[in-house]
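Next comes target16.txt, with compact mmCIF, C-alpha atoms.
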# COMPACT_ATOMS: atom_id res chain seq x y z
CA MET A 1 0.00 0.00 0.00
CA ASP A 2 1.27 3.38 -1.04
CA ILE A 3 1.39 5.99 1.74
CA VAL A 4 0.12 8.76 -0.57
CA ASN A 5 -2.79 6.54 -1.55
CA ILE A 6 -3.76 6.04 2.08
CA ILE A 7 -3.66 9.79 2.70
CA ILE A 8 -5.78 10.75 -0.32
CA LEU A 9 -8.27 7.94 0.33
CA ALA A 10 -8.73 8.80 4.00
CA LEU A 11 -8.69 12.57 3.56
CA LEU A 12 -10.85 13.06 0.47
CA VAL A 13 -12.23 10.03 -1.33
CA ASN A 14 -13.52 8.09 1.68
CA ASN A 15 -13.99 11.16 3.82
CA VAL A 16 -14.92 9.98 7.28
CA VAL A 17 -17.97 12.24 7.59
CA LEU A 18 -19.22 12.75 4.07
CA ALA A 19 -18.69 9.26 2.67
CA GLN A 20 -18.57 6.96 5.70
CA PHE A 21 -21.02 8.79 7.98
CA LEU A 22 -18.90 8.60 11.11
CA GLY A 23 -19.00 11.48 13.57
CA ILE A 24 -22.23 13.01 12.28
CA CYS A 25 -23.21 14.30 15.75
CA PRO A 26 -20.27 16.70 16.18
CA PHE A 27 -20.41 17.44 12.44
CA LEU A 28 -23.93 18.81 12.86
CA GLY A 29 -23.57 20.01 16.43
CA VAL A 30 -20.31 21.97 16.40
CA SER A 31 -20.39 23.42 12.90
CA GLN A 32 -22.13 26.72 13.57
CA LYS A 33 -18.96 28.80 13.66
CA ILE A 34 -15.61 28.37 11.92
CA SER A 35 -13.66 29.12 15.11
CA THR A 36 -15.35 26.41 17.20
CA SER A 37 -15.14 23.91 14.36
CA VAL A 38 -11.37 24.44 14.13
CA GLY A 39 -11.12 23.80 17.89
CA MET A 40 -13.16 20.62 17.66
CA GLY A 41 -11.14 19.49 14.64
CA ALA A 42 -7.86 19.99 16.49
CA ALA A 43 -9.14 18.01 19.47
CA VAL A 44 -10.22 15.16 17.18
CA VAL A 45 -6.85 15.10 15.39
CA PHE A 46 -5.16 14.87 18.77
CA VAL A 47 -7.32 12.12 20.24
CA MET A 48 -7.82 10.08 17.07
CA THR A 49 -4.09 9.83 16.41
CA ILE A 50 -3.35 8.60 19.92
CA ALA A 51 -6.42 6.34 20.02
CA ASN A 52 -5.49 4.68 16.73
CA LEU A 53 -1.97 4.04 17.95
CA VAL A 54 -3.07 2.63 21.32
CA THR A 55 -5.84 0.42 19.94
CA PHE A 56 -3.50 -0.91 17.25
CA LEU A 57 -0.90 -1.93 19.82
CA LEU A 58 -3.55 -3.34 22.14
CA TYR A 59 -5.19 -5.41 19.41
CA ASN A 60 -2.00 -6.85 18.00
CA TYR A 61 -0.01 -7.40 21.18
CA VAL A 62 -2.69 -8.14 23.79
CA LEU A 63 -5.98 -9.29 22.24
CA THR A 64 -4.54 -11.39 19.42
CA PRO A 65 -2.00 -13.39 21.52
CA LEU A 66 -4.73 -14.08 24.08
CA GLN A 67 -7.18 -14.95 21.26
CA ILE A 68 -9.91 -12.73 22.65
CA GLN A 69 -10.49 -10.56 19.56
CA PHE A 70 -14.24 -10.66 20.27
CA MET A 71 -13.56 -8.34 23.21
CA GLN A 72 -12.55 -5.67 20.68
CA THR A 73 -15.64 -3.45 21.03
CA ILE A 74 -15.62 -3.38 24.83
CA THR A 75 -11.85 -2.87 25.08
CA PHE A 76 -11.70 -0.14 22.46
CA ILE A 77 -14.53 1.96 23.86
CA LEU A 78 -13.07 1.77 27.36
CA VAL A 79 -9.60 2.62 26.09
CA ILE A 80 -10.91 5.61 24.14
CA ALA A 81 -13.03 6.86 27.04
CA SER A 82 -10.14 6.67 29.50
CA LEU A 83 -7.72 8.04 26.92
CA VAL A 84 -9.81 11.18 26.57
CA GLN A 85 -9.73 11.59 30.35
CA ILE A 86 -5.95 11.09 30.48
CA VAL A 87 -5.34 13.48 27.60
CA GLU A 88 -7.46 16.04 29.39
CA ILE A 89 -5.51 15.68 32.66
CA ILE A 90 -2.10 15.75 30.98
CA LEU A 91 -3.00 18.71 28.80
CA LYS A 92 -4.22 20.63 31.83
CA LYS A 93 -0.83 20.18 33.53
CA VAL A 94 1.53 20.41 30.56
CA SER A 95 -0.02 22.99 28.29
CA PRO A 96 -2.70 25.17 29.88
CA PRO A 97 -3.18 27.34 26.75
CA LEU A 98 -3.86 24.28 24.59
CA TYR A 99 -6.18 22.96 27.30
CA GLN A 100 -8.01 26.27 27.31
CA ALA A 101 -8.50 26.00 23.57
CA LEU A 102 -9.51 22.32 23.39
CA GLY A 103 -10.92 21.82 26.88
CA ILE A 104 -14.63 21.93 26.21
CA TYR A 105 -14.37 19.72 23.12
CA LEU A 106 -12.45 16.86 24.71
CA PRO A 107 -15.29 15.27 26.73
CA LEU A 108 -17.51 15.41 23.65
CA ILE A 109 -15.09 13.18 21.78
CA THR A 110 -15.83 10.10 23.92
CA THR A 111 -19.18 9.77 22.19
CA ASN A 112 -17.73 10.60 18.78
CA CYS A 113 -18.22 7.43 16.80
CA ALA A 114 -15.56 8.55 14.32
CA VAL A 115 -12.82 7.73 16.85
CA LEU A 116 -14.09 4.22 17.61
CA GLY A 117 -15.06 3.65 13.97
CA THR A 118 -11.66 4.63 12.62
CA ALA A 119 -9.91 2.41 15.17
CA ILE A 120 -12.04 -0.59 14.14
CA ILE A 121 -11.71 0.08 10.38
CA ALA A 122 -7.93 0.44 10.72
CA ILE A 123 -7.78 -3.01 12.36
CA THR A 124 -9.81 -4.65 9.58
CA LYS A 125 -7.49 -3.16 6.95
CA ASN A 126 -4.45 -5.01 8.32
CA TYR A 127 -2.20 -1.98 8.19
CA ASN A 128 1.26 -1.99 9.77
CA LEU A 129 2.10 0.49 12.51
CA ILE A 130 3.22 3.34 10.22
CA GLU A 131 0.31 2.94 7.80
CA ASN A 132 -2.07 2.74 10.72
CA LEU A 133 -0.72 5.96 12.19
CA ILE A 134 -0.93 7.77 8.85
CA TYR A 135 -4.46 6.47 8.29
CA GLY A 136 -5.50 7.80 11.70
CA ILE A 137 -4.00 11.24 11.14
CA SER A 138 -5.39 11.67 7.61
CA THR A 139 -8.85 10.54 8.71
CA ALA A 140 -8.79 13.07 11.52
CA PHE A 141 -7.75 15.82 9.12
CA GLY A 142 -10.50 14.70 6.75
CA PHE A 143 -12.97 15.13 9.61
CA THR A 144 -11.59 18.61 10.36
CA LEU A 145 -11.76 19.57 6.68
CA ALA A 146 -15.42 18.54 6.40
CA LEU A 147 -16.27 20.26 9.68
CA VAL A 148 -14.62 23.58 8.75
CA LEU A 149 -16.14 23.58 5.24
CA MET A 150 -19.55 22.92 6.75
CA ALA A 151 -19.08 25.72 9.28
CA GLY A 152 -18.20 28.12 6.48
CA LEU A 153 -21.36 27.16 4.60
CA ARG A 154 -23.51 27.49 7.70
CA GLU A 155 -22.15 30.94 8.49
CA GLN A 156 -23.36 31.99 5.04
CA LEU A 157 -26.69 30.24 5.56
CA GLU A 158 -27.32 32.38 8.65
CA LEU A 159 -27.67 35.37 6.37
CA SER A 160 -30.01 33.82 3.84
CA ASN A 161 -33.76 33.67 3.88
CA ILE A 162 -34.77 30.04 4.53
CA PRO A 163 -38.37 28.77 4.64
CA LYS A 164 -39.46 28.31 8.25
CA ALA A 165 -39.97 24.54 8.18
CA MET A 166 -36.59 24.12 6.50
CA ARG A 167 -34.63 25.83 9.29
CA GLY A 168 -32.41 23.87 11.63
CA PHE A 169 -31.70 20.24 10.81
CA PRO A 170 -33.38 19.95 7.37
CA ILE A 171 -31.36 22.69 5.67
CA THR A 172 -28.18 21.54 7.41
CA LEU A 173 -28.66 17.97 6.17
CA VAL A 174 -29.42 19.04 2.61
CA THR A 175 -26.32 21.28 2.65
CA ALA A 176 -24.27 18.35 3.93
CA GLY A 177 -25.70 16.27 1.08
CA LEU A 178 -24.50 18.79 -1.49
CA LEU A 179 -21.08 18.93 0.17
CA SER A 180 -20.96 15.15 0.04
CA LEU A 181 -21.90 15.30 -3.64
CA ALA A 182 -18.95 17.63 -4.24
CA PHE A 183 -16.63 15.24 -2.41
CA MET A 184 -17.72 12.38 -4.70
CA GLY A 185 -15.80 14.24 -7.38
CA PHE A 186 -12.57 13.20 -5.69
CA ALA A 187 -13.28 9.53 -6.47
CA GLY A 188 -11.19 9.67 -9.62
CA LEU A 189 -8.04 10.77 -7.78
CA VAL A 190 -7.00 7.25 -6.80
CA LYS A 191 -7.32 4.17 -8.93
CA MET B 1 -52.55 3.71 30.50
CA SER B 2 -49.21 5.17 31.52
CA TYR B 3 -47.46 2.03 30.25
CA LEU B 4 -49.06 2.57 26.88
CA LYS B 5 -47.95 6.19 26.91
CA GLU B 6 -44.35 5.23 27.73
CA PHE B 7 -44.46 2.72 24.91
CA THR B 8 -45.85 4.96 22.18
CA LYS B 9 -44.09 8.24 23.00
CA GLY B 10 -41.03 7.22 20.99
CA PHE B 11 -43.00 6.62 17.81
CA ILE B 12 -43.77 10.20 16.81
CA LYS B 13 -43.76 12.73 19.64
CA GLU B 14 -40.31 11.91 21.04
CA ASN B 15 -38.95 10.02 18.06
CA PRO B 16 -35.22 9.75 18.82
CA LEU B 17 -34.11 10.17 15.22
CA LEU B 18 -36.63 12.52 13.65
CA VAL B 19 -37.25 14.83 16.61
CA PHE B 20 -34.05 14.69 18.69
CA ALA B 21 -31.65 13.84 15.86
CA LEU B 22 -29.96 11.11 17.89
CA GLY B 23 -28.41 8.08 16.24
CA MET B 24 -27.68 9.88 13.00
CA CYS B 25 -24.61 7.89 11.95
CA PRO B 26 -26.27 4.49 11.46
CA SER B 27 -29.43 6.08 10.02
CA LEU B 28 -27.41 7.69 7.26
CA ALA B 29 -24.86 4.97 6.67
CA VAL B 30 -26.72 1.67 6.48
CA THR B 31 -30.03 2.82 4.99
CA THR B 32 -29.27 1.90 1.38
CA SER B 33 -32.18 -0.55 1.48
CA ALA B 34 -35.32 -1.18 3.53
CA ILE B 35 -34.06 -4.49 4.91
CA ASN B 36 -30.77 -2.95 6.09
CA GLY B 37 -32.69 -0.21 7.88
CA LEU B 38 -34.95 -2.76 9.52
CA GLY B 39 -32.01 -4.95 10.58
CA MET B 40 -30.15 -2.02 12.10
CA GLY B 41 -33.32 -0.86 13.84
CA PHE B 42 -34.01 -4.25 15.44
CA ALA B 43 -30.37 -4.73 16.50
CA SER B 44 -30.43 -1.31 18.20
CA THR B 45 -33.82 -2.04 19.78
CA PHE B 46 -32.49 -5.25 21.32
CA VAL B 47 -29.42 -3.52 22.77
CA LEU B 48 -31.51 -0.57 23.97
CA THR B 49 -34.12 -2.71 25.73
CA MET B 50 -31.60 -5.05 27.36
CA SER B 51 -29.31 -2.27 28.54
CA ASN B 52 -32.31 -0.34 29.88
CA ILE B 53 -33.38 -3.41 31.89
CA LEU B 54 -29.90 -4.03 33.28
CA VAL B 55 -29.30 -0.37 34.11
CA ALA B 56 -32.66 -0.24 35.93
CA LEU B 57 -31.76 -3.41 37.85
CA LEU B 58 -28.30 -2.20 38.84
CA LYS B 59 -29.10 1.46 39.45
CA ASN B 60 -28.73 1.16 43.25
CA ILE B 61 -25.49 -0.81 43.05
CA ILE B 62 -23.59 1.36 40.56
CA PRO B 63 -21.85 4.27 42.33
CA ASN B 64 -22.99 7.57 40.92
CA LYS B 65 -19.48 8.76 40.01
CA VAL B 66 -18.64 5.88 37.73
CA ARG B 67 -22.10 5.42 36.25
CA ILE B 68 -21.21 6.49 32.69
CA PRO B 69 -18.32 3.99 32.30
CA ALA B 70 -20.53 1.33 33.90
CA PHE B 71 -23.35 2.05 31.43
CA ILE B 72 -20.89 1.89 28.54
CA VAL B 73 -19.64 -1.52 29.66
CA ILE B 74 -23.23 -2.81 29.95
CA ILE B 75 -24.08 -1.49 26.48
CA ALA B 76 -20.84 -2.79 24.97
CA SER B 77 -21.55 -6.29 26.36
CA PHE B 78 -24.95 -6.45 24.66
CA VAL B 79 -23.47 -5.04 21.45
CA THR B 80 -20.88 -7.82 21.49
CA ILE B 81 -23.65 -10.40 21.97
CA THR B 82 -25.61 -8.89 19.05
CA ASP B 83 -22.46 -8.84 16.95
CA MET B 84 -21.73 -12.53 17.53
CA VAL B 85 -25.35 -13.68 17.10
CA MET B 86 -25.76 -11.77 13.83
CA LYS B 87 -22.44 -13.04 12.52
CA ALA B 88 -23.58 -16.62 13.17
CA PHE B 89 -27.22 -16.49 12.02
CA LEU B 90 -27.55 -13.52 9.62
CA PRO B 91 -24.21 -13.40 7.77
CA ASP B 92 -25.55 -11.40 4.79
CA LEU B 93 -27.10 -8.69 6.91
CA TYR B 94 -24.02 -8.68 9.14
CA LYS B 95 -21.87 -8.00 6.08
CA ALA B 96 -24.16 -5.22 4.85
CA LEU B 97 -24.24 -3.43 8.20
CA GLY B 98 -20.52 -3.98 8.71
CA ILE B 99 -18.78 -1.67 11.12
CA PHE B 100 -22.06 -0.13 12.28
CA ILE B 101 -22.88 -3.18 14.41
CA PRO B 102 -19.98 -2.59 16.84
CA LEU B 103 -20.72 1.14 16.57
CA ILE B 104 -24.16 0.64 18.18
CA VAL B 105 -22.16 1.10 21.37
CA VAL B 106 -21.70 4.82 20.64
CA ASN B 107 -25.29 5.34 19.49
CA CYS B 108 -26.33 8.33 21.61
CA ILE B 109 -29.92 7.04 21.94
CA ILE B 110 -28.85 4.09 24.08
CA LEU B 111 -26.62 5.95 26.53
CA GLY B 112 -29.16 8.76 26.50
CA ARG B 113 -32.03 6.50 27.60
CA ALA B 114 -29.86 4.81 30.25
CA GLU B 115 -28.84 8.16 31.68
CA SER B 116 -32.13 10.03 31.41
CA PHE B 117 -34.68 7.26 31.94
CA ALA B 118 -33.55 3.80 33.07
CA GLN B 119 -31.51 4.94 36.06
CA LYS B 120 -34.51 6.79 37.49
CA ASN B 121 -37.28 4.24 36.82
CA ASN B 122 -38.14 0.64 37.65
CA VAL B 123 -37.38 -2.36 35.49
CA ALA B 124 -40.78 -2.79 33.83
CA VAL B 125 -41.17 0.83 32.75
CA SER B 126 -37.54 0.95 31.59
CA ALA B 127 -38.03 -2.14 29.45
CA ILE B 128 -41.15 -0.64 27.88
CA ASP B 129 -39.38 2.66 27.33
CA GLY B 130 -36.46 0.88 25.65
CA LEU B 131 -38.76 -1.17 23.45
CA GLY B 132 -40.85 1.87 22.45
CA MET B 133 -37.88 4.13 21.74
CA GLY B 134 -36.17 1.34 19.83
CA LEU B 135 -39.25 0.73 17.69
CA GLY B 136 -39.58 4.46 17.05
CA PHE B 137 -35.99 4.48 15.85
CA THR B 138 -36.67 1.36 13.76
CA ILE B 139 -39.68 2.96 12.07
CA ALA B 140 -37.71 6.11 11.23
CA ILE B 141 -34.65 4.29 9.93
CA PHE B 142 -36.88 1.89 7.95
CA VAL B 143 -38.63 4.82 6.24
CA VAL B 144 -35.29 6.34 5.27
CA GLY B 145 -34.10 2.98 3.93
CA ALA B 146 -37.33 2.32 2.02
CA ILE B 147 -37.33 5.74 0.32
CA ARG B 148 -33.69 5.40 -0.67
CA GLU B 149 -34.17 1.87 -2.01
CA ILE B 150 -37.31 2.77 -4.00
CA LEU B 151 -35.82 5.90 -5.57
CA GLY B 152 -32.25 4.74 -5.93
CA ASN B 153 -32.63 1.09 -6.82
CA GLY B 154 -36.21 0.80 -8.07
CA SER B 155 -36.95 -2.01 -5.65
CA PHE B 156 -38.58 -2.68 -2.28
CA PHE B 157 -37.26 -5.45 -0.01
CA ASP B 158 -35.11 -6.54 -2.95
CA ILE B 159 -38.18 -7.02 -5.19
CA LYS B 160 -37.60 -5.05 -8.39
CA PHE B 161 -40.65 -3.25 -9.69
CA LEU B 162 -38.87 -1.63 -12.61
CA SER B 163 -37.51 -3.35 -15.70
CA GLU B 164 -33.79 -4.16 -15.62
CA ASP B 165 -32.77 -1.40 -18.02
CA ALA B 166 -34.88 1.36 -16.48
CA SER B 167 -32.71 4.09 -15.03
CA THR B 168 -33.13 4.97 -11.36
CA ILE B 169 -32.03 8.00 -9.37
CA LEU B 170 -28.77 6.38 -8.41
CA ILE B 171 -27.68 9.27 -6.21
CA PHE B 172 -30.15 8.14 -3.54
CA ILE B 173 -28.24 5.00 -2.66
CA MET B 174 -24.98 6.94 -2.61
CA PRO B 175 -23.81 8.99 0.40
CA PRO B 176 -25.30 12.38 -0.68
CA GLY B 177 -28.74 10.77 -1.03
CA ALA B 178 -28.68 9.78 2.63
CA PHE B 179 -28.26 13.37 3.81
CA ILE B 180 -30.85 14.72 1.39
CA THR B 181 -33.46 12.05 2.18
CA LEU B 182 -33.18 12.51 5.93
CA GLY B 183 -33.17 16.29 5.48
CA TYR B 184 -36.49 16.20 3.64
CA ILE B 185 -38.05 13.70 6.07
CA MET B 186 -37.17 16.08 8.91
CA LEU B 187 -38.67 18.94 6.91
CA ILE B 188 -41.95 17.03 6.68
CA MET B 189 -41.78 16.31 10.43
CA ASN B 190 -41.28 20.04 11.11
CA LYS B 191 -44.23 20.87 8.89
CA ILE B 192 -46.47 18.36 10.71
CA LYS B 193 -45.33 19.64 14.11
CA THR B 194 -46.15 23.26 13.33
CA LYS B 195 -49.52 22.24 11.95
CA PHE B 196 -50.54 20.44 15.16
CA ASN B 197 -49.23 23.07 17.57

Could I get this file's structure written as structure tokens?
Amino acid sequence: MDIVNIIILALLVNNVVLAQFLGICPFLGVSQKISTSVGMGAAVVFVMTIANLVTFLLYNYVLTPLQIQFMQTITFILVIASLVQIVEIILKKVSPPLYQALGIYLPLITTNCAVLGTAIIAITKNYNLIENLIYGISTAFGFTLALVLMAGLREQLELSNIPKAMRGFPITLVTAGLLSLAFMGFAGLVK
Amino acid sequence: MSYLKEFTKGFIKENPLLVFALGMCPSLAVTTSAINGLGMGFASTFVLTMSNILVALLKNIIPNKVRIPAFIVIIASFVTITDMVMKAFLPDLYKALGIFIPLIVVNCIILGRAESFAQKNNVAVSAIDGLGMGLGFTIAIFVVGAIREILGNGSFFDIKFLSEDASTILIFIMPPGAFITLGYIMLIMNKIKTKFN
């Protein structure tokens, strides 16, 4: 597997939000403003990279030797939930400014299915450690890209005259659909 | 009477998907056909009902501070059971739903009901609540799946009602179609809500 291929696939072609439908909740919930969406995106990049690394090591060096792969779901969700807590504590001590910026988004990530989903998908793809790490990072950046683009669109939507029944979720979903349509254009980038 | 109310509230008035927009990921991802929607709905209903029962049973034993991790472990156990049972008995459906079976564990509806309902109510009411909410979710996700299959594939429950060479609106079984379909269903829900209020 070519590294560039993995990056383009994860970032654009199989975009985690717009093509695989992972992490829809934060995608719809935290995309009102560009500034908050950048914060959320940064927090996801941070957690997803670490989570992918930890779950990869755990699966290959603990679950597989013990032959308890069926415990994958329970182990991964617990690891991710505690990881978020640990990251929060460490960040608070080591880098208060970064904690200030990401703080409120970190607890939200526990319920972000993109983190668990990416960890499980990465396992099924049989990547090695480096590929796995790159897959995690590019997926996280793909999430951030979709989130920031969506926030930009929604900031514009605020100013437009939308029919009353269409306000809120309906217009947001239709906008996301059009964004997803645009992203389908990237399909030709990789053979 | 109140049991009936707890059971039916999830169908329309408090529909988890169409009113509260919970459980969006599976409802967009696996709804390429009616049968997939139904399968996902029933799998979630099973996990939701069982976890509601267990949370209601254990609510006095679980310390308040660690309740969220405890709920997650309970939910994850039932998801693992569902995962293994479906893999053994419904291999085709299991393949179609793929990664979204293990991801039932992060479906906000389930943790949401455990936190906001099951830990405050007795076992019987919690079971009914779980069943009702689950069926409400199933109905909603089935409607999305049915619309997408009819428009995008020209079939219903895999029964083709168009000739082989008829062209269908293919975009509806692709990712953008999911967003657009759910968007318009929610628009109709909004319209109905304002009419009745």

Item to check | Among listed residues B:Met24, B:Met86, B:Ala96, B:Ala146, nearest chain A (using only C-alpha atoms) | outcome: B:Met24

Check which residues of chain B sit at most 7 Å from chain A using all atoms listed in the file, and return one row each with the closest pair of atoms and their distance in Å to one decimal, ordered by chain and rising number, as a Markdown table.
| residue | atom | partner | partner_atom | distance |
| --- | --- | --- | --- | --- |
| B:Met24 | CA | A:Ile24 | CA | 6.3 |
| B:Cys25 | CA | A:Phe21 | CA | 5.4 |
| B:Leu28 | CA | A:Phe21 | CA | 6.5 |
| B:Ala29 | CA | A:Phe21 | CA | 5.6 |
| B:Val73 | CA | A:Ile74 | CA | 6.6 |
| B:Ala76 | CA | A:Ile74 | CA | 5.3 |
| B:Ser77 | CA | A:Ile74 | CA | 6.8 |
| B:Thr80 | CA | A:Thr73 | CA | 6.8 |
| B:Pro102 | CA | A:Thr73 | CA | 6.1 |
| B:Leu103 | CA | A:Gly117 | CA | 6.7 |
| B:Val106 | CA | A:Thr111 | CA | 5.8 |
| B:Pro175 | CA | A:Ala19 | CA | 5.6 |
| B:Pro176 | CA | A:Gly177 | CA | 4.3 |
| B:Gly177 | CA | A:Gly177 | CA | 6.6 |
| B:Phe179 | CA | A:Gly177 | CA | 4.7 |
| B:Ile180 | CA | A:Val174 | CA | 4.7 |
| B:Gly183 | CA | A:Pro170 | CA | 4.1 |
| B:Tyr184 | CA | A:Pro170 | CA | 6.1 |
| B:Met186 | CA | A:Pro170 | CA | 5.6 |
| B:Leu187 | CA | A:Pro170 | CA | 5.4 |
| B:Asn190 | CA | A:Ala165 | CA | 5.5 |
| B:Lys191 | CA | A:Ala165 | CA | 5.7 |

Save the residues we just selected, C-alpha atoms, as a JSON list (two decimals), in the frame of the given file?
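So the final result, stored in selection.json, reads:
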[["chain", "number", "residue", "atom", "x", "y", "z"],
["B", 24, "MET", "CA", -27.68, 9.88, 13.00],
["B", 25, "CYS", "CA", -24.61, 7.89, 11.95],
["B", 28, "LEU", "CA", -27.41, 7.69, 7.26],
["B", 29, "ALA", "CA", -24.86, 4.97, 6.67],
["B", 73, "VAL", "CA", -19.64, -1.52, 29.66],
["B", 76, "ALA", "CA", -20.84, -2.79, 24.97],
["B", 77, "SER", "CA", -21.55, -6.29, 26.36],
["B", 80, "THR", "CA", -20.88, -7.82, 21.49],
["B", 102, "PRO", "CA", -19.98, -2.59, 16.84],
["B", 103, "LEU", "CA", -20.72, 1.14, 16.57],
["B", 106, "VAL", "CA", -21.70, 4.82, 20.64],
["B", 175, "PRO", "CA", -23.81, 8.99, 0.40],
["B", 176, "PRO", "CA", -25.30, 12.38, -0.68],
["B", 177, "GLY", "CA", -28.74, 10.77, -1.03],
["B", 179, "PHE", "CA", -28.26, 13.37, 3.81],
["B", 180, "ILE", "CA", -30.85, 14.72, 1.39],
["B", 183, "GLY", "CA", -33.17, 16.29, 5.48],
["B", 184, "TYR", "CA", -36.49, 16.20, 3.64],
["B", 186, "MET", "CA", -37.17, 16.08, 8.91],
["B", 187, "LEU", "CA", -38.67, 18.94, 6.91],
["B", 190, "ASN", "CA", -41.28, 20.04, 11.11],
["B", 191, "LYS", "CA", -44.23, 20.87, 8.89]]

Checklist entry - Using all atoms listed in the file, which residues sit within 7 Å of segment 46-61 of chain A once same-chain residues fewer than 2 positions away are excluded, as a ChimeraX atom specification? => result /A:42-44,63-65,76,80,84,115,119,123,133,136-137,140

Next on the checklist: List the spatial neighbours of Ile150 of chain B as a list in words - criterion: any atom at most 9 Å away, only C-alpha atoms, same-chain residues fewer than 5 positions off excluded.
Outcome noted: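 Near neighbours after the sequence-gap exclusion: Ser33, Ala34, Gly145, Ser155, Phe156, Lys160, Phe161, Thr168 and Phe172 of chain B.
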
Checklist entry - Between B:Ile53, B:Met133, B:Leu162, B:Met84, which one has atoms that come closest to Gln69 of chain A, using only C-alpha atoms? => result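 Going through B:Ile53, B:Met133, B:Leu162, B:Met84 one by one, the smallest distance to Gln69 of chain A is for B:Met84.
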
Next on the checklist: Here is a test: counting all atoms listed in the file, which residue of A:Pro97, A:Pro26, A:Ser31, A:Val16 is nearest to Gly23 of chain B?
Outcome noted: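 For Gly23 of chain B, the nearest of the candidates is A:Pro26.
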
Item to check | Distance query Gly188 of chain A at most 12 Å, all atoms listed in the file, self and fewer than 5 positions along chain excluded, as a ChimeraX atom specification | outcome: /A:8-9,12-14,183

Item to check | Shell around Gly39 of chain B at 9 Å using all atoms listed in the file, local window under 5 positions removed, as a ChimeraX atom specification | outcome: /B:34,44,93-94,97,138,142

Output, as JSON, the centre and edge lengths in Å (one decimal) of the axis-aligned box that contains all listed atoms of segment 83-89 of chain B with 4 Å of margin on each side.
{"center_x": -24.5, "center_y": -12.7, "center_z": 14.8, "size_x": 13.5, "size_y": 15.8, "size_z": 13.5}

Checklist outcome for this item: Here atom CA of Ile139 of chain B and atom CA of Asn197 of chain B stand apart by 22.9 Å

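Each of A:Gln156, A:Thr144, A:Asn161, A:Asn132 was checked against Ile6 of chain A using only C-alpha atoms; the smallest atom-to-atom distance is that of A:Asn132.
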
Checklist entry - Of the residues B:Ser116, B:Asn121, B:Asn153, B:Thr32, which is the one nearest to Ala56 of chain B, using all atoms listed in the file? => result B:Asn121

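The neighbours of Leu147 of chain A here are the residues that come within 8 Å of it, using all atoms listed in the file and leaving out any residue fewer than 6 positions away in the same chain; they are A:Phe27, A:Ser31, A:Ser37, A:Val38, A:Gly41.
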
Item to check | Point (-32.9, 9.1, -7.2), cut-off 10 Å, counting all atoms listed in the file, residues as number ranges by chain | outcome: B: 147-154, 167-174, 177, 181

Item to check | Residue nearest Ile61 of chain B among B:Gln119, B:Ile109, B:Ala166, B:Leu38 (counting all atoms listed in the file) | outcome: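 Going through B:Gln119, B:Ile109, B:Ala166, B:Leu38 one by one, the smallest distance to Ile61 of chain B is for B:Gln119.
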
Checklist outcome for this item: Separating atom CA of Phe11 of chain B from atom CA of Ala140 of chain B, to the nearest tenth of an Å, is a gap of 8.5 Å

Checklist entry - So what do you get for atom CA of Ala187 of chain A versus atom CA of Asp2 of chain A, distance-wise? => result 16.7 Å
